[in-house]
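For reference, the structure is listed below as structure tokens.
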Amino acid sequence: MEKFGKPYAPLLRHKHKYFSQNAEELANSKRIGAIYSAQPLRTECKNCLTSKPSDPASFTKQDLVYWFCDHCGHVNGAHDDTEAFCAQVYTGSGSVNYARNYSSEDQEAFFKRRDDIYVPKAEFLRDVLEEEGLDPMEQQYADIGAGSGYFVSALHLLGMQYVVGYDVSLQQVEHGNALLGSSALQHMTSMDLERSASTLSQNIITFIGVIEHLRRPTQFMKDLGQNPSVTHVLLSVPLMSPAVFLEVAFQDVFHRHFAGRHTHCYNEQSLTWLARESGFEECAAWWFGSDLADIYRMVYVTMLQQQQDARVIEKWSETFLPVLDEMQKVIDKKKIASEVHLVLRKRFIS
Ligand SMILES: [Zn+2]
């Protein structure tokens, strides 16, 4: 199954802060960037572990350097995302904002976000599993990096009962379980979570925007490939795309896509390498990016910074929003979009 595009309008209401709080978001991202740039230089590709080329293609944005692996095509931030970096930005003092980004105090907002963003993802997975000849209701699901349980809740809504979410933030696990009225979310230390790939007993493993945050994502995928319980993996990752070039060009706007905790970036080539090396093959893909949404936002925020006439900024919205989805779909169909949802099947399954 191949699917392209997704309407932007339902997402726009969840992204308001990126327009109205550009300065705060930018400052927070730069603060994380400063922690990242204090880490030792990366000596090998985060994906394929090949040594850094002597003169790789590279670019600089917001004072950080990124280089391309010439073996698997992966885009690597120049520094290593060390244990100290992860401890500071995920579970230490730097994690407060992270939790704020991914949870919601307000129950109504939680379920609205679930419905707009996570239910379509769950429906996609359900449809793919049906196409694979599996009954989605009978499968066992493990959602890795479940946060406060948006995706777990979306699967529940569609009728899947056997769903467990794992997260490293105890605060989010407790908050999510309270919202869901269940104990479907379980806390794991980051070390246990990284080791869990070999021991998970579920067959459907999902990561929504998670694998790029793991310290050893390739090892995690290889361990899943060796785990006899696992049959399918759903993963969603940020990709090298026009959005990254926009970030290179617009340095004074918050970089939503590839900055802060995103210290490396997949592309079609490096994802294909990862799937093959870890014993999986692609069975479905849903390509939908936010590249055009980023053009819209970056122009909007830049005009605000220039103190342009509010009526002209309004005209920008009136001009661009009606054509945004159609333009994005062209990029999605070329498979160069900023995000993909991939379902992989274990290679031994016919
Ligand atoms: Zn590589």
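Every chain in the structure tokens takes a letter, A first, then B, and so on in the order presented; its residues are numbered from 1, and the ligands are numbered from 1 following the presented order.
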
Neighbour list for range 255-265 of chain A as a count of residues only, cut-off 10 Å, only C-alpha atoms, skip fewer than 3 positions in-chain: 60

Backbone DSSP call of strand (DSSP E or B) for range 96-326 of chain A, listed as a ChimeraX atom specification: /A:141-144,163-167,185-187,204-208,232-239,264-266,280-287

Atom pair CA of Phe207 in chain A / CA of Val233 in chain A: separation (Å): 7.9 Å

Pairwise distance for CA of Ala154 in chain A and CA of Thr189 in chain A, rounded to one decimal in Å: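 Result for CA of Ala154 in chain A versus CA of Thr189 in chain A: 24.3 Å, one decimal.
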
Shell around Gln219 in chain A at 10 Å using only C-alpha atoms, local window under 5 positions removed, as an MDAnalysis selection string: chainID A and resid 47:48 194:195 197 214 224:225 274 277:278

All alpha helix (DSSP H) residues (DSSP, backbone) inside range 143-256 of chain A, as a PyMOL selection string: chain A and resi 150-157+170-180+190-195+217-226+242-249

For ligand 1, the nearest of the candidates A:Arg13, A:Lys3, A:His71, A:Lys121, counting only C-alpha atoms and all ligand atoms: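 Counting only C-alpha atoms and all ligand atoms, the residue closest to ligand 1 is A:His71.
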
A:Met1, A:Leu41, A:Ala57, A:Leu179 ranked by distance to Glu130 in chain A, top pick (using only C-alpha atoms):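 Going through A:Met1, A:Leu41, A:Ala57, A:Leu179 one by one, the smallest distance to Glu130 in chain A is for A:Met1.
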
One-decimal distance in Å that lies between CA of Phe111 in chain A and CA of His175 in chain A: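 Going from CA of His175 in chain A over to CA of Phe111 in chain A covers 13.4 Å.
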
Selection: 10 Å around Arg114 in chain A, only C-alpha atoms, excl. self and same-chain fewer than 6 positions, as a list in words: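 Here the qualifying residues turn out to be Glu108, Pro120, Lys121, Gly149, Tyr150, Phe151, Val152, Ser153, Ala154 and Leu157 of chain A.
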
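Nearest to Leu134 in chain A of all the residues A:Ser51, A:Thr231, A:Ser317, A:Asn177 is A:Thr231, based on only C-alpha atoms.
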
Contacts of Arg297 in chain A within 8 Å, only C-alpha atoms, excl. fewer than 4 positions in-chain, as a PDB file with N, CA, C and O atoms, in the first residue's frame:
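Full text of result_13.pdb as output:
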```pdb
ATOM      1  N   TYR A  18       3.949  27.797  17.101  1.00  0.00           N
ATOM      2  CA  TYR A  18       5.086  28.006  16.213  1.00  0.00           C
ATOM      3  C   TYR A  18       4.977  29.328  15.458  1.00  0.00           C
ATOM      4  O   TYR A  18       5.959  29.848  14.938  1.00  0.00           O
ATOM      5  N   PHE A  19       3.766  29.860  15.386  1.00  0.00           N
ATOM      6  CA  PHE A  19       3.560  31.159  14.741  1.00  0.00           C
ATOM      7  C   PHE A  19       3.658  32.284  15.773  1.00  0.00           C
ATOM      8  O   PHE A  19       4.297  33.293  15.544  1.00  0.00           O
ATOM      9  N   ALA A 293       3.792  23.575   4.726  1.00  0.00           N
ATOM     10  CA  ALA A 293       3.379  24.219   5.976  1.00  0.00           C
ATOM     11  C   ALA A 293       4.531  25.048   6.530  1.00  0.00           C
ATOM     12  O   ALA A 293       4.331  26.123   7.101  1.00  0.00           O
ATOM     13  N   VAL A 301       6.062  34.237   9.683  1.00  0.00           N
ATOM     14  CA  VAL A 301       6.836  34.713  10.839  1.00  0.00           C
ATOM     15  C   VAL A 301       7.836  35.790  10.418  1.00  0.00           C
ATOM     16  O   VAL A 301       8.039  36.789  11.114  1.00  0.00           O
TER      17      VAL A 301
END
```

Proximity to Leu12 in chain A - best of A:Lys329, A:Arg113, A:Arg345, A:Arg215, only C-alpha atoms: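 The shortest atom-to-atom distance to Leu12 in chain A comes from A:Arg113.
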